[in-house]
Amino acid sequence: MAARDTSSTAAPLRLAQRAWRELNKDSARAIALADQALARAGGDAAAEGWARIVRGHHLLYFATPPESRTELALAKGCFERAGDRAGWILCGALEARALWREGQFRAAIAHVLPLRDEGMGVLRNEQRGVLLNTIAGCYSAQGDSEQAFAYMYQAMRDAPPVRGHGLDVVLHCNLAHELLQLGDYHEALRHVDQGIERCSTLNNPRLLSVLRINRIICLTELDRAPEALPDVERVRDHPADASGRGAIASHFETLAIAALRAGEVAMGDELIARAESRAVRVPIPDEHVELAIARAMRAQAVGDPASGIAALALAAPYVVDAGAEGLSPRTHCMYYRVASELHEQAGDNAQALALLRRAQQLHERRAQLSSRARYQAASLQTELLQMQHKLAENDAQRRATEKSHAELASINRELSARIEQVQSLERALREQATRDELTGLFNRRHLNEILPALWAASQRERMPLAAVIIDLDHFKSVNDHHGHLAGDLLLARFGKLLAADTRKSDIVCRYGGEEFCLLMPRTDAVTARRKAQALLERWQAAEFKFDDTMLRGLSFSAGVADTKRAQESATQLLRVADDELLSAKRLGRARVLMAESV
């Protein structure tokens, strides 16, 4: 027998609180229940408060932030009259979210942080998760990924699938967004896919739309834009109302960039036009800069670099030296990358190179930000410390009273098991944080961490330190003709060759894309060049079969430097090696060049 719908007879407060729990699971049902509860509330201040907070949340995505804040202010007054601190705190959190969506990032964090301590004591489960997730979003908007990740992972522990009422899907979406900003696209894609899988149990078209937008960004940044086109079409065709993606942050400019990267100029034109005609526009730097980038890419696609450069100039006020407040690292980096491409297309190679170097500097800053964040490890360490303190307290209580011995022993066993689990996760995270998943080599983050120490040892011991930067020649053509799977297999094989042909003291890293970096302590540039040349010969002799095609005669270009040729800093060492790599590519590739002695 089917379950009976009791919404027509439920008490107003129970109906309104059910509406709150349905917000992420079934957005249409949530607002319908809230309207029913409001109509029946009468003089029940608590029921009216919970109904209005659901309406305020709904308006935040399907109307405008000022309309949402008006409804939330009414809800807050109801909660004050009812003495409901949980509802009052949640109103404050959503007010902060409205401020943030209006571009008032500092006001948002100043509004929500004073609620944190009381909220941690008053709120439970997904309610606490809503507060923590809002704090995380405010920190994210200010570029503080370390704090953002810490709060998001704490929210995820408070709102797991079994009792999170769909908030766990929101958190997967937000974690993916933050990972995108740090350039960790593979891990972001994992969270997106988890969120989309969980969305199959919900009825929340807007949340599914945002997850798909994050997947579009991931695939575009991974040079797989054609794979993103089905999602682009789905998001584009979602209605801009409560049955679809909503009126706020439609991201047509993001969709346009993906379409243009995939070579779909007509689709890019349509999406740019939609972005320009949006009725609701808020002062979010990312939206303005991405729209300028989309216009510039459109001009680039039709061979009009001058118009593209002019389009980017309109976004210059948002792209100051350190990035405007609220401008994401990903968008900031993309701005300079596209600007470099346009100047190269226009024949201004000097300016193109300067802009490319600026993009590289921003990419390095993102890597450093990612390293500082240590997001999940830091979160787990915090949890571990708290549990260790709790374990010590429980042990003292156990000694003080025999009556609670059995209960405390059970708690201690559970805590000890959890501590062991967290420690195991920490060990795995430390390894994961410094390894490139595809090649098994160290990643750029590890290079940035280890290079200063190697440089210092070289100076202290008066022994040379050599750096070799390698770029696989014509790698893009492998992806274009044989697919990205073939490209990934080729990168993995080259990584294996590098790892097998180095000493234990050497540091081998995937530098980014098809670039690799080899650090060789106690080795001068001449020796390092000889080693790189031998490696080049082995790579040229190798054969690789993909489907029915045999690849032969592969090559790479490399630049070599050592601390005798770059004496100022570790950064100069990499820069000199990179300059030699660029020279090798300009001279026809398939060669190893070494910096001259100073």
# chains A, B, ... in the order shown; residues from 1 in each chain; ligands from 1

$ residues_around --residues "Asp436 of chain A" --least-positions-apart "4" --cutoff "12 Å" --atoms "only C-alpha atoms" --output "JSON list (two decimals) with N, CA and C atoms, in the first residue's frame"
[["chain", "number", "residue", "atom", "x", "y", "z"],
["A", 184, "ASP", "N", 43.51, 21.22, -9.43],
["A", 184, "ASP", "CA", 43.48, 19.76, -9.23],
["A", 184, "ASP", "C", 42.23, 19.22, -9.93],
["A", 186, "HIS", "N", 41.60, 16.50, -11.86],
["A", 186, "HIS", "CA", 41.21, 15.09, -11.76],
["A", 186, "HIS", "C", 40.45, 14.83, -10.46],
["A", 187, "GLU", "N", 40.93, 15.39, -9.34],
["A", 187, "GLU", "CA", 40.25, 15.18, -8.06],
["A", 187, "GLU", "C", 38.90, 15.92, -8.07],
["A", 431, "GLU", "N", 51.21, 10.94, 0.70],
["A", 431, "GLU", "CA", 51.73, 10.36, -0.53],
["A", 431, "GLU", "C", 50.98, 10.90, -1.74],
["A", 432, "GLN", "N", 49.65, 10.96, -1.64],
["A", 432, "GLN", "CA", 48.82, 11.41, -2.74],
["A", 432, "GLN", "C", 49.10, 12.87, -3.08],
["A", 440, "GLY", "N", 53.03, 8.45, -11.80],
["A", 440, "GLY", "CA", 53.64, 7.93, -10.59],
["A", 440, "GLY", "C", 54.85, 8.73, -10.15],
["A", 441, "LEU", "N", 55.22, 9.78, -10.92],
["A", 441, "LEU", "CA", 56.35, 10.63, -10.55],
["A", 441, "LEU", "C", 55.89, 11.66, -9.51],
["A", 442, "PHE", "N", 56.87, 12.36, -8.91],
["A", 442, "PHE", "CA", 56.51, 13.48, -8.06],
["A", 442, "PHE", "C", 55.81, 14.55, -8.90],
["A", 443, "ASN", "N", 54.99, 15.40, -8.22],
["A", 443, "ASN", "CA", 54.28, 16.44, -8.95],
["A", 443, "ASN", "C", 54.93, 17.81, -8.72],
["A", 444, "ARG", "N", 54.33, 18.82, -9.33],
["A", 444, "ARG", "CA", 54.87, 20.19, -9.25],
["A", 444, "ARG", "C", 54.90, 20.68, -7.80],
["A", 445, "ARG", "N", 53.92, 20.27, -7.02],
["A", 445, "ARG", "CA", 53.87, 20.68, -5.62],
["A", 445, "ARG", "C", 55.12, 20.19, -4.88],
["A", 446, "HIS", "N", 55.48, 18.94, -5.10],
["A", 446, "HIS", "CA", 56.67, 18.39, -4.43],
["A", 446, "HIS", "C", 57.93, 19.10, -4.91],
["A", 447, "LEU", "N", 57.97, 19.40, -6.21],
["A", 447, "LEU", "CA", 59.13, 20.13, -6.74],
["A", 447, "LEU", "C", 59.29, 21.47, -6.03],
["A", 491, "LEU", "N", 52.43, 9.47, -21.85],
["A", 491, "LEU", "CA", 53.00, 10.16, -20.69],
["A", 491, "LEU", "C", 53.43, 9.17, -19.62],
["A", 492, "ALA", "N", 52.60, 8.14, -19.41],
["A", 492, "ALA", "CA", 52.94, 7.14, -18.40],
["A", 492, "ALA", "C", 54.20, 6.38, -18.79],
["A", 495, "GLY", "N", 57.18, 8.61, -18.24],
["A", 495, "GLY", "CA", 57.45, 8.68, -16.80],
["A", 495, "GLY", "C", 58.17, 7.45, -16.30],
["A", 508, "VAL", "N", 62.58, 13.31, -9.81],
["A", 508, "VAL", "CA", 61.93, 13.33, -11.13],
["A", 508, "VAL", "C", 60.48, 13.76, -10.93],
["A", 509, "CYS", "N", 60.06, 14.82, -11.60],
["A", 509, "CYS", "CA", 58.72, 15.37, -11.41],
["A", 509, "CYS", "C", 58.03, 15.56, -12.76],
["A", 510, "ARG", "N", 56.72, 15.39, -12.72],
["A", 510, "ARG", "CA", 55.92, 15.85, -13.85],
["A", 510, "ARG", "C", 55.68, 17.34, -13.63],
["A", 511, "TYR", "N", 56.20, 18.16, -14.54],
["A", 511, "TYR", "CA", 56.22, 19.61, -14.35],
["A", 511, "TYR", "C", 54.88, 20.23, -14.69],
["A", 512, "GLY", "N", 54.10, 19.52, -15.52],
["A", 512, "GLY", "CA", 52.80, 20.04, -15.94],
["A", 512, "GLY", "C", 52.54, 19.67, -17.38],
["A", 513, "GLY", "N", 51.35, 19.09, -17.69],
["A", 513, "GLY", "CA", 51.05, 18.71, -19.07],
["A", 513, "GLY", "C", 52.04, 17.68, -19.56],
["A", 516, "PHE", "N", 58.36, 17.74, -18.01],
["A", 516, "PHE", "CA", 58.94, 17.03, -16.88],
["A", 516, "PHE", "C", 60.17, 17.78, -16.40]]

$ closest_residue --among "A:Ala107, A:Ile450, A:Arg124, A:Leu362" --to "Leu182 of chain A" --atoms "only C-alpha atoms"
A:Leu362

$ residues_around --residues "segment 565-582 of chain A" --least-positions-apart "2" --cutoff "8 Å" --atoms "only C-alpha atoms" --output "count of residues only"
25

$ residues_around --residues "Thr201 of chain A" --least-positions-apart "5" --cutoff "10 Å" --atoms "only C-alpha atoms" --output "list in words"
Lys25, Asp26, Gly166 and Ile196 of chain A

$ closest_residue --among "A:Ala339, A:Leu438, A:Ala466, A:Ala541" --to "Thr527 of chain A" --atoms "only C-alpha atoms"
A:Ala466

$ residues_around --residues "Glu290 of chain A" --least-positions-apart "4" --cutoff "8 Å" --atoms "only C-alpha atoms" --output "CSV table (one decimal) with N, CA and C atoms, in the first residue's frame"
chain,number,residue,atom,x,y,z
A,253,GLU,N,28.7,32.3,-19.8
A,253,GLU,CA,30.1,32.6,-20.3
A,253,GLU,C,31.0,31.4,-20.1
A,254,THR,N,30.8,30.6,-19.1
A,254,THR,CA,31.6,29.4,-18.9
A,254,THR,C,31.3,28.4,-20.0
A,257,ILE,N,33.0,29.5,-23.3
A,257,ILE,CA,34.4,29.2,-23.3
A,257,ILE,C,34.6,27.7,-23.7
A,286,ASP,N,34.4,37.0,-11.4
A,286,ASP,CA,34.5,35.9,-12.3
A,286,ASP,C,33.6,36.0,-13.5
A,294,ALA,N,35.4,35.0,-23.1
A,294,ALA,CA,34.6,34.3,-24.1
A,294,ALA,C,34.6,35.2,-25.4
A,331,THR,N,40.3,31.7,-13.1
A,331,THR,CA,39.9,32.7,-14.1
A,331,THR,C,41.0,33.7,-14.3
A,335,TYR,N,42.8,34.3,-17.9
A,335,TYR,CA,42.8,35.6,-18.6
A,335,TYR,C,44.1,35.9,-19.2

$ closest_residue --among "A:Leu535, A:Leu327, A:Ala542, A:Ala39" --to "Arg591 of chain A" --atoms "only C-alpha atoms"
A:Leu535

$ closest_residue --among "A:Leu208, A:Ala110, A:Leu219, A:Ala296" --to "Arg234 of chain A" --atoms "only C-alpha atoms"
A:Leu208

$ residues_around --residues "segment 263-273 of chain A" --least-positions-apart "6" --cutoff "10 Å" --atoms "only C-alpha atoms" --output "ChimeraX atom specification"
/A:225-226,229,232-233,236,251-257,291-292,294-295,297-299,301-302

$ atom_distance --atom1 "atom CA of Gly487 of chain A" --atom2 "atom CA of Glu543 of chain A"
14.0 Å

$ residues_around --residues "Met520 of chain A" --least-positions-apart "2" --cutoff "8 Å" --atoms "only C-alpha atoms" --output "number ranges by chain"
A: 465-467, 505-507, 518, 522-523, 528

$ select_by_dssp --residues "segment 129-350 of chain A" --states "helix (DSSP H, G or I)" --output "PyMOL selection string"
chain A and resi 129-141+145-158+167-182+185-199+205-221+225-237+252-261+265-276+285-301+305-313+316-318+329-345+349-350

$ atom_distance --atom1 "atom CA of Ala259 of chain A" --atom2 "atom CA of Leu189 of chain A"
18.7 Å
